[in-house]
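**Q** This one is work_22.txt, compact mmCIF, C-alpha atoms and all ligand atoms.
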# COMPACT_ATOMS: atom_id res chain seq x y z
CA MET A 1 63.54 57.80 -98.28
CA HIS A 2 61.67 54.67 -99.28
CA HIS A 3 61.98 51.57 -101.43
CA PHE A 4 59.20 52.16 -103.99
CA THR A 5 60.93 52.81 -107.31
CA TYR A 6 60.41 52.31 -111.03
CA ARG A 7 62.29 49.55 -112.79
CA ASP A 8 61.85 49.33 -116.54
CA GLY A 9 58.90 51.68 -116.19
CA ARG A 10 57.05 49.56 -113.62
CA LEU A 11 56.62 50.50 -109.99
CA HIS A 12 58.34 48.07 -107.65
CA ALA A 13 58.12 47.61 -103.91
CA GLU A 14 61.74 46.63 -103.23
CA ASP A 15 62.21 43.80 -105.79
CA VAL A 16 58.53 43.00 -106.27
CA ASP A 17 56.55 44.30 -109.24
CA VAL A 18 53.46 46.07 -107.84
CA THR A 19 51.39 44.94 -110.86
CA THR A 20 52.13 41.33 -109.92
CA LEU A 21 50.83 42.01 -106.42
CA ALA A 22 47.69 43.66 -107.77
CA ASP A 23 47.01 40.66 -110.01
CA ALA A 24 47.53 38.25 -107.12
CA VAL A 25 45.72 40.11 -104.35
CA GLY A 26 43.19 42.29 -106.17
CA THR A 27 42.70 45.98 -105.51
CA PRO A 28 42.69 48.06 -103.42
CA PHE A 29 45.46 46.90 -101.09
CA TYR A 30 48.17 48.30 -98.87
CA CYS A 31 51.76 47.33 -99.54
CA TYR A 32 54.54 47.74 -96.96
CA SER A 33 58.29 47.67 -97.51
CA THR A 34 60.36 45.89 -94.87
CA ALA A 35 63.55 47.67 -95.94
CA THR A 36 61.89 51.07 -95.46
CA LEU A 37 60.56 50.13 -92.02
CA GLU A 38 63.98 48.90 -90.97
CA ARG A 39 65.78 51.90 -92.35
CA HIS A 40 63.60 54.41 -90.56
CA TYR A 41 63.56 52.53 -87.28
CA ASN A 42 67.32 52.05 -87.26
CA LEU A 43 68.03 55.66 -88.24
CA PHE A 44 65.84 56.96 -85.44
CA ALA A 45 66.95 54.48 -82.78
CA LYS A 46 70.61 55.14 -83.47
CA ALA A 47 70.17 58.92 -83.52
CA VAL A 48 68.44 59.02 -80.14
CA GLY A 49 70.93 56.65 -78.57
CA ALA A 50 68.95 53.44 -78.18
CA PRO A 51 69.17 51.10 -76.32
CA LYS A 52 70.24 53.54 -73.58
CA SER A 53 67.25 55.63 -74.59
CA ARG A 54 64.12 53.60 -75.22
CA VAL A 55 62.04 53.60 -78.38
CA PHE A 56 58.36 52.61 -78.18
CA PHE A 57 56.79 52.45 -81.64
CA ALA A 58 53.41 54.24 -81.53
CA MET A 59 51.42 51.33 -82.90
CA LYS A 60 48.27 53.35 -83.50
CA ALA A 61 50.05 54.47 -86.69
CA ASN A 62 50.15 50.88 -87.95
CA SER A 63 49.33 47.85 -85.84
CA ASN A 64 49.68 45.03 -88.34
CA LEU A 65 51.38 42.09 -86.57
CA ALA A 66 53.95 41.77 -89.35
CA VAL A 67 54.90 45.43 -89.00
CA LEU A 68 55.12 45.07 -85.21
CA GLN A 69 57.25 41.95 -85.44
CA THR A 70 59.57 43.53 -88.00
CA LEU A 71 60.16 46.42 -85.60
CA ALA A 72 60.27 44.23 -82.48
CA ARG A 73 63.15 42.26 -84.01
CA LEU A 74 65.06 45.53 -84.22
CA GLY A 75 64.46 46.16 -80.53
CA ALA A 76 61.37 48.36 -80.64
CA GLY A 77 58.93 48.48 -77.76
CA ALA A 78 55.35 49.61 -78.27
CA ASP A 79 53.40 52.70 -77.28
CA THR A 80 49.78 51.58 -76.96
CA VAL A 81 46.46 53.36 -76.43
CA SER A 82 44.02 50.54 -75.69
CA GLU A 83 43.80 47.03 -74.26
CA GLY A 84 43.49 45.80 -77.82
CA GLU A 85 46.82 47.38 -78.71
CA ILE A 86 48.46 45.98 -75.57
CA ARG A 87 47.23 42.50 -76.47
CA LYS A 88 48.28 42.90 -80.09
CA ALA A 89 51.76 44.12 -79.13
CA MET A 90 52.20 41.09 -76.87
CA ALA A 91 50.87 38.80 -79.59
CA ALA A 92 53.63 40.22 -81.79
CA GLY A 93 56.17 39.13 -79.18
CA ILE A 94 56.82 42.51 -77.58
CA PRO A 95 57.31 41.86 -73.86
CA ALA A 96 55.15 43.70 -71.33
CA ASP A 97 58.18 45.50 -69.94
CA ALA A 98 58.67 47.10 -73.36
CA ILE A 99 55.11 48.44 -73.57
CA VAL A 100 53.86 51.90 -72.60
CA PHE A 101 50.12 52.57 -72.12
CA SER A 102 49.13 56.08 -73.22
CA GLY A 103 45.74 57.64 -73.87
CA VAL A 104 43.34 60.31 -72.72
CA GLY A 105 40.89 57.97 -71.02
CA LYS A 106 41.50 54.42 -69.85
CA ALA A 107 38.75 52.11 -68.61
CA ASP A 108 39.25 50.39 -65.24
CA GLN A 109 39.35 47.09 -67.07
CA GLU A 110 42.18 48.35 -69.28
CA LEU A 111 44.16 49.61 -66.28
CA ALA A 112 43.63 46.26 -64.56
CA HIS A 113 44.94 44.46 -67.63
CA ALA A 114 47.99 46.77 -67.73
CA VAL A 115 48.75 45.96 -64.08
CA ASP A 116 48.13 42.22 -64.54
CA VAL A 117 50.59 41.87 -67.40
CA GLY A 118 53.11 44.22 -65.75
CA LEU A 119 53.52 46.97 -68.32
CA HIS A 120 56.67 49.06 -68.37
CA GLN A 121 54.72 52.25 -67.78
CA VAL A 122 51.26 53.79 -67.67
CA ASN A 123 51.09 57.42 -68.80
CA ILE A 124 48.51 59.04 -66.52
CA GLU A 125 46.54 61.94 -67.98
CA THR A 126 44.16 63.00 -65.18
CA GLU A 127 43.87 63.06 -61.40
CA GLY A 128 40.94 60.66 -61.65
CA GLU A 129 43.04 58.20 -63.58
CA LEU A 130 45.81 58.48 -60.97
CA HIS A 131 43.41 57.40 -58.24
CA ALA A 132 41.87 54.67 -60.39
CA LEU A 133 45.26 53.15 -61.19
CA SER A 134 46.33 53.37 -57.54
CA ARG A 135 43.15 51.66 -56.33
CA ILE A 136 43.29 48.93 -58.98
CA ALA A 137 46.98 48.13 -58.53
CA ALA A 138 46.85 48.29 -54.72
CA ALA A 139 43.89 45.89 -54.67
CA LYS A 140 46.06 43.41 -56.57
CA GLY A 141 48.97 43.98 -54.18
CA ARG A 142 50.98 45.45 -57.04
CA ARG A 143 52.86 48.68 -57.75
CA GLN A 144 52.60 50.00 -61.29
CA ASP A 145 55.28 52.24 -62.78
CA ALA A 146 53.69 55.39 -64.12
CA VAL A 147 54.44 58.88 -65.41
CA PHE A 148 52.30 61.97 -65.78
CA ARG A 149 51.55 63.16 -69.27
CA ILE A 150 52.02 66.90 -69.09
CA ASN A 151 50.23 69.36 -71.32
CA PRO A 152 52.94 71.99 -71.82
CA ASP A 153 50.49 74.44 -73.42
CA ILE A 154 52.51 74.36 -76.62
CA GLY A 155 50.85 72.66 -79.56
CA ALA A 156 52.32 71.74 -82.91
CA GLY A 157 51.56 69.61 -85.91
CA GLY A 158 50.51 69.47 -89.49
CA HIS A 159 46.77 70.05 -88.89
CA ALA A 160 44.44 71.23 -86.09
CA LYS A 161 43.13 67.69 -85.67
CA ILE A 162 46.59 66.35 -84.86
CA THR A 163 47.70 69.12 -82.49
CA THR A 164 47.60 67.83 -78.92
CA GLY A 165 49.86 69.96 -76.75
CA SER A 166 47.90 73.17 -76.37
CA ASP A 167 45.90 73.96 -73.25
CA ALA A 168 42.79 74.03 -75.42
CA ASN A 169 43.32 70.36 -76.33
CA LYS A 170 41.97 67.49 -74.27
CA PHE A 171 45.34 65.95 -73.49
CA GLY A 172 47.30 65.70 -70.26
CA ILE A 173 47.83 67.40 -66.93
CA SER A 174 48.47 71.15 -66.99
CA LEU A 175 51.85 72.42 -65.90
CA SER A 176 50.30 74.31 -63.00
CA GLU A 177 48.79 71.08 -61.59
CA ALA A 178 51.79 68.85 -62.09
CA GLU A 179 53.63 69.54 -58.83
CA ARG A 180 50.56 69.15 -56.63
CA LEU A 181 49.61 65.89 -58.34
CA TYR A 182 53.14 64.53 -58.14
CA THR A 183 52.98 65.01 -54.36
CA VAL A 184 49.58 63.30 -54.25
CA ALA A 185 50.93 60.41 -56.32
CA ALA A 186 54.05 60.00 -54.19
CA ASN A 187 51.80 59.19 -51.22
CA LEU A 188 49.44 56.78 -52.97
CA PRO A 189 49.69 53.00 -52.76
CA GLY A 190 49.92 50.91 -55.91
CA ILE A 191 51.86 53.50 -57.90
CA ARG A 192 55.52 54.20 -58.45
CA MET A 193 55.88 57.62 -60.10
CA MET A 194 58.82 57.44 -62.44
CA GLY A 195 58.64 60.70 -64.35
CA LEU A 196 56.89 62.73 -66.99
CA ALA A 197 55.72 62.49 -70.60
CA VAL A 198 54.74 64.93 -73.33
CA HIS A 199 53.39 64.53 -76.85
CA ILE A 200 52.39 67.81 -78.47
CA GLY A 201 51.22 66.83 -81.94
CA SER A 202 51.94 64.96 -85.13
CA GLN A 203 53.51 65.67 -88.53
CA ILE A 204 55.88 68.19 -86.89
CA ARG A 205 58.65 69.27 -89.24
CA VAL A 206 59.88 72.42 -87.52
CA LEU A 207 61.46 71.76 -84.14
CA ASP A 208 60.83 75.10 -82.37
CA GLU A 209 57.63 74.09 -80.57
CA LEU A 210 59.04 70.70 -79.60
CA GLN A 211 62.08 72.40 -78.15
CA ALA A 212 59.93 74.88 -76.25
CA ALA A 213 57.82 72.04 -74.83
CA PHE A 214 60.92 70.05 -73.85
CA THR A 215 62.38 73.13 -72.18
CA ARG A 216 59.26 73.41 -70.03
CA LEU A 217 59.47 69.72 -69.27
CA ARG A 218 63.06 70.10 -68.12
CA ALA A 219 62.18 73.04 -65.90
CA LEU A 220 59.37 71.02 -64.32
CA THR A 221 61.71 68.05 -63.85
CA GLU A 222 64.14 70.28 -61.98
CA ARG A 223 61.41 71.80 -59.80
CA LEU A 224 60.15 68.34 -58.90
CA GLY A 225 63.68 67.17 -58.18
CA GLY A 226 64.15 70.17 -55.91
CA GLN A 227 61.10 69.02 -53.96
CA GLY A 228 62.64 65.60 -53.46
CA HIS A 229 60.57 63.77 -56.06
CA ARG A 230 62.10 61.11 -58.23
CA VAL A 231 61.93 61.86 -61.92
CA GLU A 232 63.91 59.08 -63.55
CA ARG A 233 62.17 58.88 -66.89
CA LEU A 234 61.17 61.47 -69.47
CA ASP A 235 58.96 60.18 -72.27
CA LEU A 236 59.23 62.67 -75.14
CA GLY A 237 56.37 61.29 -77.24
CA GLY A 238 56.39 61.12 -81.02
CA GLY A 239 55.26 63.59 -83.62
CA LEU A 240 58.18 63.95 -86.03
CA GLY A 241 56.86 64.50 -89.55
CA ILE A 242 57.75 63.09 -92.93
CA PRO A 243 57.72 64.46 -96.47
CA TYR A 244 54.45 63.65 -98.24
CA GLU A 245 55.33 65.49 -101.45
CA MET A 246 57.65 63.20 -103.32
CA GLU A 247 58.85 66.08 -105.46
CA GLU A 248 61.09 66.72 -102.49
CA ALA A 249 63.43 64.19 -104.02
CA VAL A 250 66.13 64.87 -101.44
CA ASP A 251 66.13 62.62 -98.44
CA HIS A 252 64.90 64.84 -95.61
CA GLY A 253 64.49 62.04 -93.10
CA PRO A 254 68.01 61.82 -91.69
CA ASP A 255 68.37 65.61 -91.51
CA LEU A 256 65.26 66.07 -89.41
CA ILE A 257 66.00 63.04 -87.25
CA HIS A 258 69.54 64.20 -86.54
CA ALA A 259 68.45 67.78 -85.86
CA TYR A 260 65.82 66.43 -83.48
CA ALA A 261 68.25 64.14 -81.67
CA GLU A 262 70.75 66.96 -81.35
CA MET A 263 68.07 69.30 -79.98
CA VAL A 264 67.00 66.67 -77.44
CA THR A 265 70.60 66.13 -76.30
CA ARG A 266 71.10 69.87 -75.92
CA THR A 267 67.81 70.46 -74.10
CA PHE A 268 68.32 67.69 -71.54
CA ALA A 269 72.10 67.94 -71.17
CA GLY A 270 73.32 67.20 -67.66
CA LEU A 271 69.99 65.76 -66.48
CA ASP A 272 70.25 62.24 -65.10
CA VAL A 273 67.14 60.68 -66.64
CA GLU A 274 66.24 57.85 -69.01
CA LEU A 275 64.77 59.25 -72.22
CA ALA A 276 62.00 57.52 -74.13
CA PHE A 277 60.54 58.18 -77.57
CA GLU A 278 57.26 57.19 -79.22
CA PRO A 279 57.63 57.68 -82.98
CA GLY A 280 54.79 56.42 -85.16
CA ARG A 281 54.38 58.16 -88.50
CA LEU A 282 58.13 58.66 -88.91
CA ILE A 283 58.73 54.90 -88.87
CA VAL A 284 55.86 53.64 -91.04
CA GLY A 285 54.58 56.56 -93.12
CA ASN A 286 56.87 56.22 -96.11
CA ALA A 287 56.97 52.43 -95.76
CA GLY A 288 53.48 51.92 -97.16
CA ILE A 289 51.44 52.64 -100.28
CA LEU A 290 47.79 52.09 -101.14
CA VAL A 291 47.39 50.55 -104.59
CA THR A 292 44.10 51.18 -106.36
CA ARG A 293 42.63 50.67 -109.82
CA ALA A 294 40.88 53.29 -111.94
CA LEU A 295 37.21 52.37 -112.38
CA THR A 296 35.91 55.08 -114.64
CA LEU A 297 36.41 58.62 -115.89
CA ASN A 298 33.92 61.45 -115.67
CA PRO A 299 35.08 64.31 -117.93
CA ARG A 300 34.01 67.82 -116.95
CA ALA A 301 34.74 71.15 -118.58
CA ALA A 302 37.75 72.09 -116.48
CA LYS A 303 39.04 68.70 -115.38
CA THR A 304 38.38 64.99 -115.37
CA ILE A 305 37.09 63.11 -112.38
CA LEU A 306 39.00 59.87 -112.00
CA VAL A 307 37.05 57.33 -109.94
CA VAL A 308 39.24 54.67 -108.32
CA ASP A 309 38.32 51.54 -106.37
CA ALA A 310 39.83 52.74 -103.09
CA ALA A 311 37.75 55.08 -100.97
CA MET A 312 37.77 57.12 -97.80
CA ASN A 313 36.97 54.02 -95.75
CA ASP A 314 40.32 52.56 -96.86
CA LEU A 315 42.38 55.75 -96.40
CA ILE A 316 40.65 58.54 -94.50
CA ARG A 317 43.54 61.00 -94.19
CA PRO A 318 42.56 63.27 -97.09
CA ALA A 319 38.95 63.48 -95.84
CA MET A 320 39.86 63.87 -92.19
CA TYR A 321 43.05 65.94 -92.24
CA ASP A 322 43.00 67.49 -95.73
CA ALA A 323 46.10 65.37 -96.17
CA PHE A 324 48.15 65.33 -99.35
CA HIS A 325 49.16 61.99 -100.87
CA ASP A 326 51.29 61.86 -103.95
CA ILE A 327 49.73 59.69 -106.68
CA TRP A 328 51.97 57.61 -108.90
CA PRO A 329 51.00 55.53 -111.92
CA VAL A 330 52.01 51.91 -111.35
CA VAL A 331 53.08 51.67 -114.98
CA ALA A 332 55.09 54.77 -115.85
CA PRO A 333 53.69 56.70 -118.82
CA ALA A 334 55.51 56.40 -122.13
CA GLN A 335 57.93 59.16 -123.06
CA GLY A 336 55.99 62.17 -124.34
CA ALA A 337 52.61 60.87 -123.09
CA GLY A 338 50.14 63.57 -122.16
CA THR A 339 49.02 64.76 -118.74
CA GLN A 340 45.64 65.97 -117.56
CA LEU A 341 44.03 67.72 -114.63
CA TYR A 342 42.24 65.23 -112.38
CA ASP A 343 40.18 65.00 -109.26
CA VAL A 344 40.92 61.54 -107.90
CA VAL A 345 37.93 60.25 -105.97
CA GLY A 346 36.56 57.09 -104.41
CA PRO A 347 33.13 55.59 -105.14
CA ILE A 348 31.47 56.56 -101.83
CA CYS A 349 28.56 58.99 -101.90
CA GLU A 350 30.32 61.70 -99.90
CA SER A 351 32.10 64.70 -101.36
CA GLY A 352 34.79 64.11 -98.74
CA ASP A 353 35.63 60.85 -100.50
CA THR A 354 38.25 62.66 -102.56
CA PHE A 355 41.95 61.78 -102.58
CA ALA A 356 43.19 64.70 -104.67
CA THR A 357 41.73 67.80 -106.27
CA GLY A 358 43.07 69.50 -109.39
CA ARG A 359 46.06 67.18 -109.64
CA THR A 360 48.08 67.02 -112.86
CA LEU A 361 48.68 63.34 -113.62
CA PRO A 362 49.62 61.23 -116.60
CA GLU A 363 46.54 60.43 -118.67
CA ALA A 364 44.69 57.52 -117.10
CA GLN A 365 42.36 54.88 -118.49
CA PRO A 366 39.88 52.66 -116.67
CA GLY A 367 41.80 49.62 -115.42
CA ASP A 368 45.04 51.52 -114.81
CA LEU A 369 46.70 51.03 -111.44
CA VAL A 370 47.79 54.00 -109.36
CA ALA A 371 49.53 54.16 -105.99
CA LEU A 372 48.68 56.60 -103.21
CA MET A 373 52.11 57.13 -101.74
CA THR A 374 53.16 57.55 -98.09
CA ALA A 375 50.12 55.69 -96.82
CA GLY A 376 51.82 53.45 -94.24
CA ALA A 377 50.85 55.54 -91.20
CA TYR A 378 47.25 56.16 -90.15
CA GLY A 379 46.10 54.30 -93.26
CA ALA A 380 44.95 50.69 -92.79
CA VAL A 381 44.52 51.22 -89.05
CA MET A 382 41.83 53.83 -89.67
CA SER A 383 39.99 51.82 -92.30
CA SER A 384 36.38 50.80 -91.87
CA THR A 385 33.69 48.87 -93.69
CA TYR A 386 31.61 51.98 -94.47
CA ASN A 387 29.33 51.30 -97.45
CA SER A 388 29.70 47.58 -96.60
CA ARG A 389 33.06 47.62 -98.32
CA LEU A 390 35.47 44.88 -97.27
CA LEU A 391 38.42 45.90 -95.08
CA VAL A 392 41.38 46.57 -97.31
CA PRO A 393 44.05 43.82 -97.31
CA GLU A 394 47.70 44.38 -96.49
CA VAL A 395 50.78 42.93 -98.16
CA MET A 396 54.36 43.04 -96.92
CA VAL A 397 57.40 42.88 -99.16
CA ARG A 398 60.93 41.88 -98.17
CA GLY A 399 63.42 41.93 -101.03
CA ALA A 400 61.95 39.66 -103.70
CA GLU A 401 59.58 37.97 -101.22
CA TRP A 402 56.07 39.06 -100.37
CA ALA A 403 53.26 37.88 -98.17
CA VAL A 404 49.65 38.82 -97.48
CA VAL A 405 49.81 40.04 -93.88
CA ARG A 406 46.09 40.70 -93.60
CA PRO A 407 43.81 38.99 -96.09
CA ARG A 408 40.76 40.65 -97.55
CA PRO A 409 37.76 39.32 -95.59
CA SER A 410 34.95 37.59 -97.45
CA PHE A 411 31.46 39.00 -97.88
CA GLU A 412 30.29 36.15 -95.63
CA ASP A 413 32.67 37.42 -92.92
CA LEU A 414 31.23 40.90 -93.30
CA ILE A 415 27.60 39.86 -93.23
CA GLY A 416 28.24 37.37 -90.45
CA LEU A 417 29.29 40.12 -88.05
CA ASP A 418 25.67 41.14 -87.52
CA ARG A 419 23.01 39.25 -85.55
CA VAL A 420 19.28 39.41 -86.18
CA PRO A 421 17.09 39.50 -83.05
CA ALA A 422 14.63 36.69 -82.42
CA TRP A 423 11.63 38.90 -83.12
CA LEU A 424 12.76 39.31 -86.70
CA ALA A 425 13.37 35.62 -87.28
CA PRO A 426 11.03 34.05 -89.81
CA ARG A 427 7.94 32.58 -88.11
CA SER A 428 7.47 28.87 -88.57
C1 LIG A 501 49.90 59.48 -81.70
C2 LIG A 501 50.89 59.43 -80.60
C3 LIG A 501 52.23 59.19 -80.87
C4 LIG A 501 52.77 59.01 -82.28
O1 LIG A 501 52.64 60.16 -83.04
P1 LIG A 501 53.36 60.23 -84.47
O2 LIG A 501 53.06 61.60 -84.94
O3 LIG A 501 52.77 59.18 -85.31
O4 LIG A 501 54.82 60.02 -84.23
C5 LIG A 501 53.11 59.11 -79.81
N1 LIG A 501 52.69 59.29 -78.55
C6 LIG A 501 51.40 59.53 -78.23
C7 LIG A 501 51.00 59.69 -76.82
C8 LIG A 501 50.46 59.61 -79.25
O5 LIG A 501 49.18 59.86 -78.96
Just give me the structure of the file as structure tokens.
Ligand SMILES: *Cc1c(COP(=O)(O)O)cnc(C)c1O
**A**
Amino acid sequence: MHHFTYRDGRLHAEDVDVTTLADAVGTPFYCYSTATLERHYNLFAKAVGAPKSRVFFAMKANSNLAVLQTLARLGAGADTVSEGEIRKAMAAGIPADAIVFSGVGKADQELAHAVDVGLHQVNIETEGELHALSRIAAAKGRRQDAVFRINPDIGAGGHAKITTGSDANKFGISLSEAERLYTVAANLPGIRMMGLAVHIGSQIRVLDELQAAFTRLRALTERLGGQGHRVERLDLGGGLGIPYEMEEAVDHGPDLIHAYAEMVTRTFAGLDVELAFEPGRLIVGNAGILVTRALTLNPRAAKTILVVDAAMNDLIRPAMYDAFHDIWPVVAPAQGAGTQLYDVVGPICESGDTFATGRTLPEAQPGDLVALMTAGAYGAVMSSTYNSRLLVPEVMVRGAEWAVVRPRPSFEDLIGLDRVPAWLAPRS
């Protein structure tokens, strides 16, 4: 469920007319709904039993400070994957002891920063990283809480590029290595091994693989416990999916969240551990849209190509993951207005710069506004300046209020990022 609805035929974000935002901010821009963020966070946190269980928002899905602060006020911690994310989470007011540091490869400097600020937990993915963290923390006279990210050899997710739990993927420590490494870790200085983590993929909407992975995690927890190791924390990662096709008018969110929470309770029943969760997409996906304006039409025999002013550099999910985004007109078509078959594309000279192919939409004219729905997760965070296009701005709405939460940079900002070497400077 989300808070983008038509009122008198005009798309609103909560109580704010999206056309008003487009006039004020210019297009393209992202628009986030506070009410949707809060609803999804609260639903999830309650279902999994927070604050007894801990929820760390996977901020790689959306790291805007306003989004982070909105969630932090509700009690969210942060799951981070870089020093930049750690610093940004702390800048948003999330305390270090509510921050988890995940990721396949961490630079020594990043591990040192994690230890310096005293993060809640580092999720270790390799034996090399275990030794690096131990060395770095011990040299500082510190002990860093850590867990092993286990690769349960069960992958899942909406696309091959977002499946992470299979043995063929680059992520985590294999089950067969886990016990040996836990013993190694238990004898290392600078580290306090607290437990295990898994994260098997993203956009997961059928729970079977998650349950199978959690079952393996439980079995490993019990084996480790039998060997006298302490396993106090299990970090169950993120990955729960959301509906992208808005035709699914029914509200699937609560059903999936409750089924997931129930499955987790069942799978870990009787185990004395603290559970942690790292949802990303589930919290922010439906809370954001990308608003864009039609530039021109290119009629072909079978369909019309609709060129809009947003492009793959602003929202890369269709190009990268073959992702589907529903496309809504910002001004609803009049009763009985016609529809047409469209390819909706951006202006970049790449065939991949295509948001939708063969989509039936209300007839569009140059200048019309359309919204790419469900763009709050892995949208703005993956944007770039490819084609020397300005980074797309972000707006947040709360009831009838709105604010620009990341302004569009200027062309001077963009050009000023580069430096010209002395040998190219004009000779005097
Ligand atoms: C990406 C990621 C998440 C969040 O995944 P979602 O599908 O957005 O919920 C959580 N944990 C880890 C380790 C991740 O890499």
**Q** Which of these residues is nearest to ligand LIG 501 (chain A), using all atoms listed in the file: A:Gly165, A:Gly228, A:Pro407, A:Pro421?
**A**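 Ranked by minimum distance to ligand LIG 501 (chain A), first place goes to A:Gly165.
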**Q** With all atoms listed in the file as the atoms that count, which of A:Ala89, A:Val198, A:Ile99, A:Val264 lies nearest to ligand LIG 501 (chain A)?
**A**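 Counting all atoms listed in the file, the residue closest to ligand LIG 501 (chain A) is A:Val198.
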**Q** Using 8 Å as the limit and counting all atoms listed in the file, can you tabulate each residue of chain A that touches ligand LIG 501 (chain A), with its shortest atom-to-atom distance in Å and the two atoms involved, as CSV?
**A**
residue,atom,partner,partner_atom,distance
A:Phe57,CA,A:LIG501,C4,7.7
A:Ala58,CA,A:LIG501,C4,4.9
A:Met59,CA,A:LIG501,C4,7.8
A:Lys60,CA,A:LIG501,C1,6.6
A:Ala61,CA,A:LIG501,O3,5.6
A:Asp79,CA,A:LIG501,N1,6.7
A:Val81,CA,A:LIG501,O5,7.5
A:Ser102,CA,A:LIG501,C7,5.4
A:Gly103,CA,A:LIG501,C7,6.4
A:Val198,CA,A:LIG501,C7,7.3
A:His199,CA,A:LIG501,C7,5.4
A:Gly201,CA,A:LIG501,O2,6.3
A:Ser202,CA,A:LIG501,O2,3.5
A:Gln203,CA,A:LIG501,O2,5.4
A:Ile204,CA,A:LIG501,O2,7.4
A:Gly237,CA,A:LIG501,N1,4.4
A:Gly238,CA,A:LIG501,O4,3.7
A:Gly239,CA,A:LIG501,O2,3.2
A:Leu240,CA,A:LIG501,O4,5.5
A:Gly241,CA,A:LIG501,O2,6.6
A:Phe277,CA,A:LIG501,C5,7.8
A:Glu278,CA,A:LIG501,C5,4.6
A:Pro279,CA,A:LIG501,O4,3.9
A:Gly280,CA,A:LIG501,O3,3.4
A:Arg281,CA,A:LIG501,O3,3.7
A:Leu282,CA,A:LIG501,O4,5.9
A:Ile283,CA,A:LIG501,O4,7.9
A:Ala377,CA,A:LIG501,O3,7.2
A:Tyr378,CA,A:LIG501,O3,7.9
**Q** Between A:Pro329, A:Gly367, A:Gly195, A:Gly379, single out the one closest to A:Val18, counting all atoms listed in the file.
**A**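 Of the candidates, the smallest distance to A:Val18 is held by A:Pro329.
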**Q** With a distance cut-off of 12 Å and only C-alpha atoms, select the neighbouring residues of A:Pro254, excluding the residue or stretch itself and same-chain residues fewer than 6 positions from it, and output the selection as a PyMOL selection string.
**A** chain A and resi 1+39-48+240-243+260-262+282-283
**Q** Determine the nearest neighbour of A:Gly288 from the options A:Ile415, A:Leu234, A:Val397, A:Ala269, counting all atoms listed in the file.
**A**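 Comparing A:Ile415, A:Leu234, A:Val397, A:Ala269 against A:Gly288, the winner is A:Val397.
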**Q** Which polymer residues have any atom within 7 Å of an atom of A:Asn286, counting only C-alpha atoms, with same-chain residues fewer than 2 positions away left out, as a PyMOL selection string?
**A** chain A and resi 2+284+288+374-376
**Q** Taking C-alpha atoms for each residue, export the selection above as an mmCIF file, in the coordinates of the input.
**A**
data_model
loop_
_atom_site.group_PDB
_atom_site.id
_atom_site.type_symbol
_atom_site.label_atom_id
_atom_site.label_comp_id
_atom_site.auth_asym_id
_atom_site.auth_seq_id
_atom_site.Cartn_x
_atom_site.Cartn_y
_atom_site.Cartn_z
ATOM 1 C CA HIS A 2 61.670 54.670 -99.280
ATOM 2 C CA VAL A 284 55.860 53.640 -91.040
ATOM 3 C CA GLY A 288 53.480 51.920 -97.160
ATOM 4 C CA THR A 374 53.160 57.550 -98.090
ATOM 5 C CA ALA A 375 50.120 55.690 -96.820
ATOM 6 C CA GLY A 376 51.820 53.450 -94.240
#
**Q** When distances are computed from all atoms listed in the file, which of A:Ala139, A:Cys31, A:Leu224, A:Ile327 shows the smallest separation from A:Thr183?
**A**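 Once distances to A:Thr183 are computed over all atoms listed in the file, the minimum belongs to A:Leu224.
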**Q** Quote the spacing between atom CA of A:Arg317 and atom CA of A:Gly93 in Å to one decimal place.
**A** 29.4 Å
**Q** Interatomic distance between atom CA of A:Val231 and atom CA of A:Val206?
**A** 27.8 Å
**Q** What does the structure give for the distance between atom CA of A:Val381 and atom CA of A:Ala96, in Å to one decimal?
**A**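 Going from atom CA of A:Val381 over to atom CA of A:Ala96 covers 22.0 Å.
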**Q** Given the choices A:Ser388, A:Asn169, A:Thr27, A:Thr126, which gets closest to A:Val370 if the distance is worked out from only C-alpha atoms?
**A**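 Once distances to A:Val370 are computed over only C-alpha atoms, the minimum belongs to A:Thr27.
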